[in-house]
$ cat model-v3.pdb   # PDB, C-alpha atoms, pLDDT in the B column
MODEL        1
ATOM      1  CA  MET U 176       0.000   0.000   0.000  1.00 48.00           C
ATOM      2  CA  THR U 177       2.808   2.449   0.788  1.00 53.00           C
ATOM      3  CA  LYS U 178       6.496   2.663   0.012  1.00 54.00           C
ATOM      4  CA  ASP U 179       8.586   1.012   2.684  1.00 54.00           C
ATOM      5  CA  VAL U 180      12.010   2.244   3.658  1.00 49.00           C
ATOM      6  CA  LYS U 181      14.108  -0.710   4.802  1.00 52.00           C
ATOM      7  CA  ILE U 182      16.880   0.013   7.236  1.00 48.00           C
ATOM      8  CA  ASP U 183      18.845  -2.879   8.686  1.00 51.00           C
ATOM      9  CA  ASN U 184      21.829  -2.788  11.058  1.00 52.00           C
ATOM     10  CA  GLN U 185      22.781   0.804  10.391  1.00 51.00           C
ATOM     11  CA  SER U 186      23.988   3.520  12.689  1.00 55.00           C
ATOM     12  CA  SER U 187      21.467   6.116  13.802  1.00 54.00           C
ATOM     13  CA  SER U 188      23.132   8.797  11.643  1.00 61.00           C
ATOM     14  CA  GLU U 189      22.696   6.564   8.577  1.00 62.00           C
ATOM     15  CA  ILE U 190      19.082   5.959   9.547  1.00 62.00           C
ATOM     16  CA  ASP U 191      18.469   9.679  10.093  1.00 70.00           C
ATOM     17  CA  TRP U 192      20.060  10.418   6.746  1.00 77.00           C
ATOM     18  CA  LYS U 193      17.828   7.915   4.929  1.00 76.00           C
ATOM     19  CA  TYR U 194      14.688   9.318   6.564  1.00 73.00           C
ATOM     20  CA  LEU U 195      15.779  12.855   5.730  1.00 77.00           C
ATOM     21  CA  LYS U 196      16.440  11.853   2.133  1.00 81.00           C
ATOM     22  CA  ALA U 197      13.063  10.088   1.885  1.00 78.00           C
ATOM     23  CA  SER U 198      11.342  13.140   3.386  1.00 77.00           C
ATOM     24  CA  GLN U 199      13.056  15.454   0.914  1.00 82.00           C
ATOM     25  CA  GLN U 200      12.029  13.208  -1.968  1.00 82.00           C
ATOM     26  CA  LEU U 201       8.429  13.272  -0.728  1.00 77.00           C
ATOM     27  CA  GLN U 202       8.497  17.076  -0.702  1.00 80.00           C
ATOM     28  CA  LEU U 203       9.984  17.200  -4.224  1.00 83.00           C
ATOM     29  CA  ASP U 204       7.347  14.793  -5.520  1.00 79.00           C
ATOM     30  CA  LYS U 205       4.668  16.915  -3.875  1.00 78.00           C
ATOM     31  CA  GLN U 206       5.994  20.031  -5.621  1.00 81.00           C
ATOM     32  CA  ASN U 207       6.448  18.321  -8.987  1.00 82.00           C
ATOM     33  CA  TYR U 208       3.209  16.346  -9.160  1.00 78.00           C
ATOM     34  CA  GLY U 209       0.856  18.380  -6.965  1.00 73.00           C
ATOM     35  CA  ALA U 210      -2.003  16.352  -5.491  1.00 69.00           C
ATOM     36  CA  ASP U 211      -1.169  13.479  -7.842  1.00 71.00           C
ATOM     37  CA  TYR U 212       2.028  12.732  -5.882  1.00 68.00           C
ATOM     38  CA  ILE U 213      -0.032  10.479  -3.614  1.00 68.00           C
ATOM     39  CA  HIS U 214      -0.322   7.952  -6.479  1.00 70.00           C
ATOM     40  CA  ILE U 215       3.441   7.408  -6.259  1.00 72.00           C
ATOM     41  CA  TYR U 216       3.233   6.477  -2.565  1.00 67.00           C
ATOM     42  CA  VAL U 217      -0.132   4.756  -2.178  1.00 67.00           C
ATOM     43  CA  ASP U 218      -1.386   1.891  -4.334  1.00 67.00           C
ATOM     44  CA  ASP U 219      -5.047   1.883  -5.352  1.00 68.00           C
ATOM     45  CA  ILE U 220      -5.780   5.341  -3.955  1.00 65.00           C
ATOM     46  CA  GLU U 221      -8.922   5.565  -6.095  1.00 69.00           C
ATOM     47  CA  GLY U 222     -10.215   2.158  -4.926  1.00 72.00           C
ATOM     48  CA  ASP U 223     -12.489   1.250  -2.015  1.00 68.00           C
ATOM     49  CA  TRP U 224      -9.641   0.732   0.451  1.00 58.00           C
ATOM     50  CA  LEU U 225     -11.172   3.106   2.988  1.00 53.00           C
ATOM     51  CA  GLU U 226     -14.485   1.230   3.058  1.00 60.00           C
ATOM     52  CA  THR U 227     -12.779  -2.150   3.311  1.00 59.00           C
ATOM     53  CA  TRP U 228     -10.052  -1.049   5.729  1.00 52.00           C
ATOM     54  CA  ASP U 229      -9.606  -3.519   8.594  1.00 49.00           C
ATOM     55  CA  TRP U 230      -9.477  -1.262  11.640  1.00 47.00           C
ATOM     56  CA  GLU U 231      -7.519  -3.514  13.926  1.00 52.00           C
ATOM     57  CA  ASP U 232      -7.524  -2.398  17.527  1.00 61.00           C
ATOM     58  CA  ASN U 233      -4.215  -3.240  19.078  1.00 74.00           C
ATOM     59  CA  LEU U 234      -4.049  -2.719  22.825  1.00 85.00           C
ATOM     60  CA  ILE U 235      -0.241  -2.789  22.781  1.00 86.00           C
ATOM     61  CA  ASP U 236      -0.106   0.282  20.524  1.00 84.00           C
ATOM     62  CA  TYR U 237      -2.488   2.135  22.836  1.00 88.00           C
ATOM     63  CA  MET U 238      -0.422   1.187  25.874  1.00 91.00           C
ATOM     64  CA  ASP U 239       2.792   2.348  24.214  1.00 90.00           C
ATOM     65  CA  ALA U 240       1.188   5.701  23.426  1.00 90.00           C
ATOM     66  CA  PHE U 241      -0.279   5.936  26.940  1.00 92.00           C
ATOM     67  CA  TYR U 242       3.045   5.374  28.709  1.00 93.00           C
ATOM     68  CA  HIS U 243       4.799   7.755  26.316  1.00 92.00           C
ATOM     69  CA  HIS U 244       2.298  10.507  27.154  1.00 92.00           C
ATOM     70  CA  CYS U 245       2.727   9.836  30.878  1.00 93.00           C
ATOM     71  CA  GLU U 246       6.505  10.119  30.575  1.00 92.00           C
ATOM     72  CA  GLN U 247       6.045  13.449  28.792  1.00 91.00           C
ATOM     73  CA  GLU U 248       3.588  14.517  31.539  1.00 90.00           C
ATOM     74  CA  ASN U 249       0.888  14.997  28.904  1.00 91.00           C
ATOM     75  CA  TYR U 250      -1.828  13.618  31.142  1.00 92.00           C
ATOM     76  CA  GLN U 251      -4.720  14.802  29.007  1.00 92.00           C
ATOM     77  CA  PHE U 252      -3.317  12.878  26.030  1.00 92.00           C
ATOM     78  CA  ALA U 253      -2.630   9.863  28.252  1.00 93.00           C
ATOM     79  CA  PHE U 254      -6.221   9.895  29.502  1.00 94.00           C
ATOM     80  CA  ASP U 255      -7.593  10.419  25.970  1.00 92.00           C
ATOM     81  CA  THR U 256      -5.553   7.434  24.804  1.00 92.00           C
ATOM     82  CA  LEU U 257      -7.102   5.243  27.497  1.00 93.00           C
ATOM     83  CA  LYS U 258     -10.579   6.503  26.652  1.00 92.00           C
ATOM     84  CA  ALA U 259      -9.931   5.668  22.992  1.00 90.00           C
ATOM     85  CA  CYS U 260      -9.313   2.031  23.911  1.00 89.00           C
ATOM     86  CA  ASP U 261     -11.984   1.707  26.621  1.00 89.00           C
ATOM     87  CA  ASN U 262     -13.859  -0.786  24.460  1.00 88.00           C
ATOM     88  CA  LEU U 263     -10.784  -3.043  24.624  1.00 89.00           C
ATOM     89  CA  LEU U 264     -10.095  -2.423  28.314  1.00 90.00           C
ATOM     90  CA  ASN U 265     -13.706  -3.288  29.170  1.00 87.00           C
ATOM     91  CA  GLN U 266     -13.355  -6.782  27.750  1.00 88.00           C
ATOM     92  CA  PRO U 267     -13.078  -9.423  30.495  1.00 89.00           C
ATOM     93  CA  GLU U 268      -9.597 -10.535  29.444  1.00 90.00           C
ATOM     94  CA  ASN U 269      -8.331  -6.939  29.777  1.00 90.00           C
ATOM     95  CA  TYR U 270      -9.960  -5.848  33.065  1.00 89.00           C
ATOM     96  CA  GLU U 271      -6.727  -6.244  35.029  1.00 92.00           C
ATOM     97  CA  LYS U 272      -4.714  -4.324  32.426  1.00 93.00           C
ATOM     98  CA  GLY U 273      -7.318  -1.543  32.491  1.00 92.00           C
ATOM     99  CA  LEU U 274      -7.162  -1.314  36.272  1.00 93.00           C
ATOM    100  CA  GLU U 275      -3.365  -1.290  36.094  1.00 95.00           C
ATOM    101  CA  VAL U 276      -3.075   1.557  33.584  1.00 95.00           C
ATOM    102  CA  TYR U 277      -5.823   3.703  35.082  1.00 94.00           C
ATOM    103  CA  GLY U 278      -4.240   3.107  38.502  1.00 94.00           C
ATOM    104  CA  TYR U 279      -0.875   4.174  37.118  1.00 95.00           C
ATOM    105  CA  LEU U 280      -2.437   7.354  35.744  1.00 94.00           C
ATOM    106  CA  VAL U 281      -4.126   8.085  39.080  1.00 94.00           C
ATOM    107  CA  GLU U 282      -0.800   7.654  40.926  1.00 94.00           C
ATOM    108  CA  ARG U 283       0.997   9.998  38.520  1.00 93.00           C
ATOM    109  CA  LEU U 284      -1.763  12.584  38.744  1.00 93.00           C
ATOM    110  CA  GLU U 285      -1.931  12.443  42.536  1.00 92.00           C
ATOM    111  CA  LEU U 286       1.814  13.116  42.681  1.00 89.00           C
ATOM    112  CA  GLU U 287       1.464  15.926  40.171  1.00 88.00           C
ATOM    113  CA  CYS U 288      -1.495  17.471  42.017  1.00 85.00           C
ATOM    114  CA  ALA U 289       0.456  17.320  45.295  1.00 83.00           C
ATOM    115  CA  LYS U 290       3.247  19.367  43.684  1.00 83.00           C
ATOM    116  CA  LYS U 291       0.969  21.932  42.079  1.00 80.00           C
ATOM    117  CA  SER U 292      -2.767  22.257  41.826  1.00 75.00           C
ATOM    118  CA  ASP U 293      -3.802  22.279  38.179  1.00 76.00           C
ATOM    119  CA  ILE U 294      -7.556  22.232  37.582  1.00 79.00           C
ATOM    120  CA  ASN U 295      -7.137  20.192  34.387  1.00 81.00           C
ATOM    121  CA  ASN U 296      -5.147  17.503  36.184  1.00 85.00           C
ATOM    122  CA  VAL U 297      -7.721  17.392  38.996  1.00 89.00           C
ATOM    123  CA  GLU U 298     -10.488  16.829  36.429  1.00 91.00           C
ATOM    124  CA  ILE U 299      -8.479  14.109  34.683  1.00 91.00           C
ATOM    125  CA  LEU U 300      -7.743  12.519  38.075  1.00 91.00           C
ATOM    126  CA  ASN U 301     -11.434  12.398  38.952  1.00 91.00           C
ATOM    127  CA  GLU U 302     -12.364  10.944  35.560  1.00 92.00           C
ATOM    128  CA  ALA U 303      -9.598   8.332  35.825  1.00 92.00           C
ATOM    129  CA  LYS U 304     -10.864   7.315  39.279  1.00 93.00           C
ATOM    130  CA  GLN U 305     -14.362   7.019  37.854  1.00 93.00           C
ATOM    131  CA  SER U 306     -13.018   4.772  35.064  1.00 91.00           C
ATOM    132  CA  ILE U 307     -11.367   2.555  37.684  1.00 92.00           C
ATOM    133  CA  CYS U 308     -14.677   2.268  39.504  1.00 92.00           C
ATOM    134  CA  ILE U 309     -16.440   1.290  36.270  1.00 90.00           C
ATOM    135  CA  LEU U 310     -13.794  -1.334  35.456  1.00 90.00           C
ATOM    136  CA  GLN U 311     -14.017  -2.779  38.972  1.00 90.00           C
ATOM    137  CA  ASN U 312     -17.801  -3.010  38.722  1.00 89.00           C
ATOM    138  CA  ASN U 313     -17.566  -4.619  35.285  1.00 85.00           C
ATOM    139  CA  ARG U 314     -14.995  -7.108  36.550  1.00 83.00           C
ATOM    140  CA  GLU U 315     -17.100  -7.989  39.598  1.00 81.00           C
ATOM    141  CA  GLY U 316     -20.207  -8.318  37.432  1.00 75.00           C
ATOM    142  CA  TYR U 317     -18.355 -10.584  35.042  1.00 60.00           C
ATOM    143  CA  ASN U 318     -16.979 -12.705  37.890  1.00 51.00           C
ATOM    144  CA  MET U 319     -20.456 -12.967  39.428  1.00 47.00           C
ATOM    145  CA  GLN U 320     -21.866 -14.167  36.097  1.00 43.00           C
ATOM    146  CA  GLU U 321     -18.996 -16.624  35.840  1.00 40.00           C
ATOM    147  CA  LYS U 322     -19.725 -17.947  39.358  1.00 40.00           C
ATOM    148  CA  LYS U 323     -23.427 -18.270  38.557  1.00 40.00           C
ATOM    149  CA  CYS U 324     -22.580 -20.265  35.450  1.00 33.00           C
ATOM    150  CA  ARG U 325     -20.384 -22.595  37.488  1.00 36.00           C
ATOM    151  CA  ILE U 326     -23.106 -23.172  40.073  1.00 31.00           C
ATOM    152  CA  LEU U 327     -25.697 -23.929  37.399  1.00 29.00           C
TER
ENDMDL
END

$ encode --input "model-v3.pdb" --output "structure tokens"
Amino acid sequence: MTKDVKIDNQSSSEIDWKYLKASQQLQLDKQNYGADYIHIYVDDIEGDWLETWDWEDNLIDYMDAFYHHCEQENYQFAFDTLKACDNLLNQPENYEKGLEVYGYLVERLELECAKKSDINNVEILNEAKQSICILQNNREGYNMQEKKCRIL
């Protein structure tokens, strides 16, 4: 679908140079071909690829983004990332992971709020605590259903 740049066993300066070169080429193609440059980089741009796109939700990608935002102290982005994958975190097999990451966010925010009171962080903290409560209730409800099934 797109052009791939393969980089194997190279130093970071070589990698940076290749990305820079690829970026410059993209800009030149954009200038030379206008809007049609996209046809060079994307196969079947006129086709129905958007309608048939397989939107694969990958919890690992969300978690990577979440932890990155936390490290950067971008707590709004971290919280938004968790909210974006709530449908995955609310699946029974992911309850514990959801509790873990929301708990991590709450810990970070409590430390941050202790240092300085920021109304945005307080709001995010309260919403994160509410999400933990929802996950706990969902987990308990799921476990209760599981126990009922075992008894029957």

$ closest_residue --input "model-v3.pdb" --among "U:Leu300, U:Ala197, U:Leu203, U:Leu257" --to "U:Gly273" --atoms "only C-alpha atoms"
U:Leu257

$ residues_around --input "model-v3.pdb" --residues "stretch 239-256 of chain U" --least-positions-apart "2" --cutoff "10 Å" --atoms "all atoms listed in the file" --output "list in words"
Leu234, Ile235, Asp236, Tyr237, Lys258, Ala259, Cys260, Asp261, Val276, Tyr277, Tyr279, Leu280, Val281, Arg283, Leu284, Glu287, Asn295, Asn296, Glu298, Ile299, Leu300, Glu302 and Ala303 of chain U

$ closest_residue --input "model-v3.pdb" --among "U:Glu282, U:Gly222, U:Pro267, U:Val297" --to "U:Asn312" --atoms "all atoms listed in the file"
U:Pro267

$ axis_aligned_box --input "model-v3.pdb" --around "stretch 303-314 of chain U" --padding-each-side "3 Å" --output "lines of an AutoDock Vina configuration file"
center_x = -13.7
center_y = 0.6
center_z = 37.3
size_x = 14.2
size_y = 21.4
size_z = 10.4

$ closest_residue --input "model-v3.pdb" --among "U:Lys205, U:Lys272, U:His214, U:Lys196" --to "U:Leu310" --atoms "all atoms listed in the file"
U:Lys272

$ atom_distance --input "model-v3.pdb" --atom1 "atom CA of U:Gln305" --atom2 "atom CA of U:Ala289"
19.5 Å

$ atom_distance --input "model-v3.pdb" --atom1 "atom CA of U:Gln206" --atom2 "atom CA of U:Tyr194"
18.4 Å

$ atom_distance --input "model-v3.pdb" --atom1 "atom CA of U:Leu286" --atom2 "atom CA of U:Asn269"
25.9 Å

$ closest_residue --input "model-v3.pdb" --among "U:Glu268, U:Asp191, U:Asp204, U:Glu285" --to "U:Lys304" --atoms "all atoms listed in the file"
U:Glu285

$ resolve_selection --input "model-v3.pdb" --expression "the PyMOL selection byres ((chain U and resi 314) around 12)" --output "mmCIF file with C-alpha atoms, keeping the file's coordinate frame"
data_model
loop_
_atom_site.group_PDB
_atom_site.id
_atom_site.type_symbol
_atom_site.label_atom_id
_atom_site.label_comp_id
_atom_site.auth_asym_id
_atom_site.auth_seq_id
_atom_site.Cartn_x
_atom_site.Cartn_y
_atom_site.Cartn_z
ATOM 1 C CA LEU U 264 -10.095 -2.423 28.314
ATOM 2 C CA ASN U 265 -13.706 -3.288 29.170
ATOM 3 C CA GLN U 266 -13.355 -6.782 27.750
ATOM 4 C CA PRO U 267 -13.078 -9.423 30.495
ATOM 5 C CA GLU U 268 -9.597 -10.535 29.444
ATOM 6 C CA ASN U 269 -8.331 -6.939 29.777
ATOM 7 C CA TYR U 270 -9.960 -5.848 33.065
ATOM 8 C CA GLU U 271 -6.727 -6.244 35.029
ATOM 9 C CA LYS U 272 -4.714 -4.324 32.426
ATOM 10 C CA GLY U 273 -7.318 -1.543 32.491
ATOM 11 C CA LEU U 274 -7.162 -1.314 36.272
ATOM 12 C CA ILE U 307 -11.367 2.555 37.684
ATOM 13 C CA CYS U 308 -14.677 2.268 39.504
ATOM 14 C CA ILE U 309 -16.440 1.290 36.270
ATOM 15 C CA LEU U 310 -13.794 -1.334 35.456
ATOM 16 C CA GLN U 311 -14.017 -2.779 38.972
ATOM 17 C CA ASN U 312 -17.801 -3.010 38.722
ATOM 18 C CA ASN U 313 -17.566 -4.619 35.285
ATOM 19 C CA GLU U 315 -17.100 -7.989 39.598
ATOM 20 C CA GLY U 316 -20.207 -8.318 37.432
ATOM 21 C CA TYR U 317 -18.355 -10.584 35.042
ATOM 22 C CA ASN U 318 -16.979 -12.705 37.890
ATOM 23 C CA MET U 319 -20.456 -12.967 39.428
ATOM 24 C CA GLN U 320 -21.866 -14.167 36.097
ATOM 25 C CA GLU U 321 -18.996 -16.624 35.840
#

$ decode --input "model-v3.pdb" --residues "stretch 194-308 of chain U" --atoms "C-alpha atoms" --output "CSV table (one decimal), in the first residue's frame"
chain,number,residue,atom,x,y,z
U,194,TYR,CA,14.7,9.3,6.6
U,195,LEU,CA,15.8,12.9,5.7
U,196,LYS,CA,16.4,11.9,2.1
U,197,ALA,CA,13.1,10.1,1.9
U,198,SER,CA,11.3,13.1,3.4
U,199,GLN,CA,13.1,15.5,0.9
U,200,GLN,CA,12.0,13.2,-2.0
U,201,LEU,CA,8.4,13.3,-0.7
U,202,GLN,CA,8.5,17.1,-0.7
U,203,LEU,CA,10.0,17.2,-4.2
U,204,ASP,CA,7.3,14.8,-5.5
U,205,LYS,CA,4.7,16.9,-3.9
U,206,GLN,CA,6.0,20.0,-5.6
U,207,ASN,CA,6.4,18.3,-9.0
U,208,TYR,CA,3.2,16.3,-9.2
U,209,GLY,CA,0.9,18.4,-7.0
U,210,ALA,CA,-2.0,16.4,-5.5
U,211,ASP,CA,-1.2,13.5,-7.8
U,212,TYR,CA,2.0,12.7,-5.9
U,213,ILE,CA,0.0,10.5,-3.6
U,214,HIS,CA,-0.3,8.0,-6.5
U,215,ILE,CA,3.4,7.4,-6.3
U,216,TYR,CA,3.2,6.5,-2.6
U,217,VAL,CA,-0.1,4.8,-2.2
U,218,ASP,CA,-1.4,1.9,-4.3
U,219,ASP,CA,-5.0,1.9,-5.4
U,220,ILE,CA,-5.8,5.3,-4.0
U,221,GLU,CA,-8.9,5.6,-6.1
U,222,GLY,CA,-10.2,2.2,-4.9
U,223,ASP,CA,-12.5,1.3,-2.0
U,224,TRP,CA,-9.6,0.7,0.5
U,225,LEU,CA,-11.2,3.1,3.0
U,226,GLU,CA,-14.5,1.2,3.1
U,227,THR,CA,-12.8,-2.2,3.3
U,228,TRP,CA,-10.1,-1.0,5.7
U,229,ASP,CA,-9.6,-3.5,8.6
U,230,TRP,CA,-9.5,-1.3,11.6
U,231,GLU,CA,-7.5,-3.5,13.9
U,232,ASP,CA,-7.5,-2.4,17.5
U,233,ASN,CA,-4.2,-3.2,19.1
U,234,LEU,CA,-4.0,-2.7,22.8
U,235,ILE,CA,-0.2,-2.8,22.8
U,236,ASP,CA,-0.1,0.3,20.5
U,237,TYR,CA,-2.5,2.1,22.8
U,238,MET,CA,-0.4,1.2,25.9
U,239,ASP,CA,2.8,2.3,24.2
U,240,ALA,CA,1.2,5.7,23.4
U,241,PHE,CA,-0.3,5.9,26.9
U,242,TYR,CA,3.0,5.4,28.7
U,243,HIS,CA,4.8,7.8,26.3
U,244,HIS,CA,2.3,10.5,27.2
U,245,CYS,CA,2.7,9.8,30.9
U,246,GLU,CA,6.5,10.1,30.6
U,247,GLN,CA,6.0,13.4,28.8
U,248,GLU,CA,3.6,14.5,31.5
U,249,ASN,CA,0.9,15.0,28.9
U,250,TYR,CA,-1.8,13.6,31.1
U,251,GLN,CA,-4.7,14.8,29.0
U,252,PHE,CA,-3.3,12.9,26.0
U,253,ALA,CA,-2.6,9.9,28.3
U,254,PHE,CA,-6.2,9.9,29.5
U,255,ASP,CA,-7.6,10.4,26.0
U,256,THR,CA,-5.6,7.4,24.8
U,257,LEU,CA,-7.1,5.2,27.5
U,258,LYS,CA,-10.6,6.5,26.7
U,259,ALA,CA,-9.9,5.7,23.0
U,260,CYS,CA,-9.3,2.0,23.9
U,261,ASP,CA,-12.0,1.7,26.6
U,262,ASN,CA,-13.9,-0.8,24.5
U,263,LEU,CA,-10.8,-3.0,24.6
U,264,LEU,CA,-10.1,-2.4,28.3
U,265,ASN,CA,-13.7,-3.3,29.2
U,266,GLN,CA,-13.4,-6.8,27.7
U,267,PRO,CA,-13.1,-9.4,30.5
U,268,GLU,CA,-9.6,-10.5,29.4
U,269,ASN,CA,-8.3,-6.9,29.8
U,270,TYR,CA,-10.0,-5.8,33.1
U,271,GLU,CA,-6.7,-6.2,35.0
U,272,LYS,CA,-4.7,-4.3,32.4
U,273,GLY,CA,-7.3,-1.5,32.5
U,274,LEU,CA,-7.2,-1.3,36.3
U,275,GLU,CA,-3.4,-1.3,36.1
U,276,VAL,CA,-3.1,1.6,33.6
U,277,TYR,CA,-5.8,3.7,35.1
U,278,GLY,CA,-4.2,3.1,38.5
U,279,TYR,CA,-0.9,4.2,37.1
U,280,LEU,CA,-2.4,7.4,35.7
U,281,VAL,CA,-4.1,8.1,39.1
U,282,GLU,CA,-0.8,7.7,40.9
U,283,ARG,CA,1.0,10.0,38.5
U,284,LEU,CA,-1.8,12.6,38.7
U,285,GLU,CA,-1.9,12.4,42.5
U,286,LEU,CA,1.8,13.1,42.7
U,287,GLU,CA,1.5,15.9,40.2
U,288,CYS,CA,-1.5,17.5,42.0
U,289,ALA,CA,0.5,17.3,45.3
U,290,LYS,CA,3.2,19.4,43.7
U,291,LYS,CA,1.0,21.9,42.1
U,292,SER,CA,-2.8,22.3,41.8
U,293,ASP,CA,-3.8,22.3,38.2
U,294,ILE,CA,-7.6,22.2,37.6
U,295,ASN,CA,-7.1,20.2,34.4
U,296,ASN,CA,-5.1,17.5,36.2
U,297,VAL,CA,-7.7,17.4,39.0
U,298,GLU,CA,-10.5,16.8,36.4
U,299,ILE,CA,-8.5,14.1,34.7
U,300,LEU,CA,-7.7,12.5,38.1
U,301,ASN,CA,-11.4,12.4,39.0
U,302,GLU,CA,-12.4,10.9,35.6
U,303,ALA,CA,-9.6,8.3,35.8
U,304,LYS,CA,-10.9,7.3,39.3
U,305,GLN,CA,-14.4,7.0,37.9
U,306,SER,CA,-13.0,4.8,35.1
U,307,ILE,CA,-11.4,2.6,37.7
U,308,CYS,CA,-14.7,2.3,39.5
